[in-house]
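Student: Shown below is the structure under consideration.
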Amino acid sequence: MTPPLLEVDAVTVRHRARSAPTVTGVSLSIEAGKTLGIVGESGCGKSTLARALLGLLPIQAGTLRWQGRDITRLRPRQRLQGGIGMQIVFQDPNGSLDPRPSAHDLIVEPLVVAGRPTAGVAQALAERVGLPADALPRRAHQFSGGQRQRIAIARALAGAPQLLILDEPTSALDLSVQAQILNLLLDLQREQHLAYLFISHDRAVVRHMADDVAVMQRGRIVECGPAAQVLHAPRHAYTAELLASSLSGPAPAPVEA
């Protein structure tokens with residue numbers, strides 16, 4: 001039996017400045033070509049989990065497996081050089097993109113770090129994500145917010161990942177631009193059989209993007225299942241409360257198990 005693309009088994013993460021874990025005993029899995037949405041109120045640990053999965057924060061307990069391979073202790077550079085195809089697109093491209101390099105250099109930087117060829121890659125990716133023809137020599141501050149997020153997506157795609165972690169990738173954008181970016185992500189997923197871990201506060205966006213949904217409360221997963229079931233017939237009281245208060249759109253009452 002083929003293992004999941006990414007398997008998270010009882011992972012616990014603790015920030016150095018905090019005595020209590022930020023993420024506790026989280027288990028989930030993501031299949032190739034599928035989207036797992038993660039929802040939860042601000043501060044519940046969603047972004048902390050994302051950074052731990054990428055090796056940007058240490059995992060205190062539990063196991064992280066990539067296609068069956070234990071990568072729990074691998075650092076980001078080791079993962080990149082070892083062909084672990086996992087990248088992230090952050091919420092705010094203003095903060096995540098270095099303002100000094102050109103768009104070309106931002107896009108190919110992951111390849112430079114991994115020691116891979118860069119010829120022609122930036123141009124091809126810029127065209128694929130819908131950047132203007134004159135984009136590559138320009139710097140990040142010379143683009144609109146939506147264009148900066150396209151640069152961030154192109155950069156994430158440069159290393160030919162199999163999984164993108166999308167941490168609120170459209171919440172800082174205007175509604176019309178949000179729709180364009182979401183449609184781009186869906187097109188890329190179909191074309192490249194990408195898997196997504198999609199973090200969002202927006203119920204409508206999660207419903208549009210996700211195959212499955214995990215609900216996070218105080219660092220723990222309290223409910224996980226197919227998107228239609230979790231978003232329309234939640235089994236946990238917190239899920240129903242969250243859908244009613246934090247996410248857009250009306251939410252049904254929880255279904256008793």
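Convention: chains lettered A, B, ... in structure tokens order; per-chain residue numbering from 1; ligands numbered from 1 as shown.
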Just want the 8 Å neighbourhood of region 150-157 of chain A, counted on only C-alpha atoms, with same-chain residues fewer than 3 positions away dropped. Output as number ranges by chain.
Tutor: A: 87-90, 93, 97, 103, 106-110, 122, 125-126, 129-131, 146-147, 160-161, 164, 181
Student: Write the selection just made, keeping N, CA and C atoms, as an mmCIF file, in the first residue's frame?
Tutor:
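File produced: result_11.cif:
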data_model
loop_
_atom_site.group_PDB
_atom_site.id
_atom_site.type_symbol
_atom_site.label_atom_id
_atom_site.label_comp_id
_atom_site.auth_asym_id
_atom_site.auth_seq_id
_atom_site.Cartn_x
_atom_site.Cartn_y
_atom_site.Cartn_z
ATOM 1 N N GLN A 87 7.032 23.138 0.044
ATOM 2 C CA GLN A 87 7.300 24.575 0.071
ATOM 3 C C GLN A 87 6.101 25.297 0.680
ATOM 4 N N ILE A 88 6.284 26.579 1.015
ATOM 5 C CA ILE A 88 5.213 27.354 1.640
ATOM 6 C C ILE A 88 4.999 28.664 0.901
ATOM 7 N N VAL A 89 3.740 29.100 0.883
ATOM 8 C CA VAL A 89 3.359 30.443 0.436
ATOM 9 C C VAL A 89 2.714 31.119 1.638
ATOM 10 N N PHE A 90 3.321 32.218 2.099
ATOM 11 C CA PHE A 90 2.858 32.889 3.302
ATOM 12 C C PHE A 90 1.691 33.826 3.003
ATOM 13 N N PRO A 93 2.786 38.688 1.187
ATOM 14 C CA PRO A 93 4.007 38.729 0.371
ATOM 15 C C PRO A 93 4.872 39.950 0.642
ATOM 16 N N LEU A 97 8.687 38.388 1.124
ATOM 17 C CA LEU A 97 9.620 38.562 0.014
ATOM 18 C C LEU A 97 10.653 39.630 0.361
ATOM 19 N N ALA A 103 12.755 40.120 -9.044
ATOM 20 C CA ALA A 103 11.797 39.014 -9.086
ATOM 21 C C ALA A 103 12.472 37.751 -9.604
ATOM 22 N N LEU A 106 14.459 36.236 -6.747
ATOM 23 C CA LEU A 106 13.570 35.685 -5.734
ATOM 24 C C LEU A 106 13.035 34.318 -6.165
ATOM 25 N N ILE A 107 12.662 34.201 -7.424
ATOM 26 C CA ILE A 107 12.066 32.963 -7.917
ATOM 27 C C ILE A 107 13.073 31.819 -7.917
ATOM 28 N N VAL A 108 14.310 32.088 -8.326
ATOM 29 C CA VAL A 108 15.280 30.994 -8.480
ATOM 30 C C VAL A 108 16.102 30.731 -7.225
ATOM 31 N N GLU A 109 15.921 31.534 -6.176
ATOM 32 C CA GLU A 109 16.746 31.352 -4.981
ATOM 33 C C GLU A 109 16.715 29.926 -4.420
ATOM 34 N N PRO A 110 15.537 29.255 -4.342
ATOM 35 C CA PRO A 110 15.554 27.874 -3.842
ATOM 36 C C PRO A 110 16.432 26.946 -4.678
ATOM 37 N N ALA A 122 13.005 30.984 -14.217
ATOM 38 C CA ALA A 122 12.238 32.149 -13.770
ATOM 39 C C ALA A 122 11.270 32.622 -14.841
ATOM 40 N N LEU A 125 8.302 30.146 -15.134
ATOM 41 C CA LEU A 125 7.391 30.213 -13.993
ATOM 42 C C LEU A 125 6.646 31.541 -13.946
ATOM 43 N N ALA A 126 7.317 32.627 -14.305
ATOM 44 C CA ALA A 126 6.640 33.925 -14.339
ATOM 45 C C ALA A 126 5.471 33.890 -15.317
ATOM 46 N N VAL A 129 2.494 31.737 -13.852
ATOM 47 C CA VAL A 129 1.668 32.318 -12.788
ATOM 48 C C VAL A 129 1.041 33.645 -13.191
ATOM 49 N N GLY A 130 1.251 34.059 -14.443
ATOM 50 C CA GLY A 130 0.563 35.243 -14.946
ATOM 51 C C GLY A 130 1.217 36.568 -14.631
ATOM 52 N N LEU A 131 2.539 36.571 -14.459
ATOM 53 C CA LEU A 131 3.244 37.836 -14.258
ATOM 54 C C LEU A 131 3.489 38.518 -15.592
ATOM 55 N N GLY A 146 -1.319 41.406 -5.454
ATOM 56 C CA GLY A 146 -1.598 40.157 -6.160
ATOM 57 C C GLY A 146 -0.411 39.674 -6.970
ATOM 58 N N GLN A 147 0.313 40.599 -7.595
ATOM 59 C CA GLN A 147 1.494 40.216 -8.361
ATOM 60 C C GLN A 147 2.602 39.705 -7.445
ATOM 61 N N ALA A 160 10.075 22.386 -7.892
ATOM 62 C CA ALA A 160 9.193 21.285 -8.310
ATOM 63 C C ALA A 160 8.622 20.525 -7.110
ATOM 64 N N PRO A 161 7.927 21.224 -6.203
ATOM 65 C CA PRO A 161 7.391 20.563 -5.007
ATOM 66 C C PRO A 161 6.207 19.668 -5.349
ATOM 67 N N LEU A 164 2.415 22.051 -1.396
ATOM 68 C CA LEU A 164 2.519 23.451 -1.010
ATOM 69 C C LEU A 164 1.705 23.673 0.259
ATOM 70 N N ILE A 181 -6.176 34.399 -7.620
ATOM 71 C CA ILE A 181 -5.121 33.576 -7.040
ATOM 72 C C ILE A 181 -5.638 32.171 -6.731
#
Student: If DSSP is run on the backbone, what residues of region 73-165 of chain A are alpha helix (DSSP H)? A reply as number ranges by chain would be ideal.
Tutor: A: 76-81, 93-96, 103-114, 121-128, 145-157
Student: Could you pull out the strand (DSSP E) residues of region 115-248 of chain A, going by DSSP on the backbone, and write them as a VMD selection string?
Tutor: chain A and resid 163 to 167 195 to 199 212 to 217 220 to 226
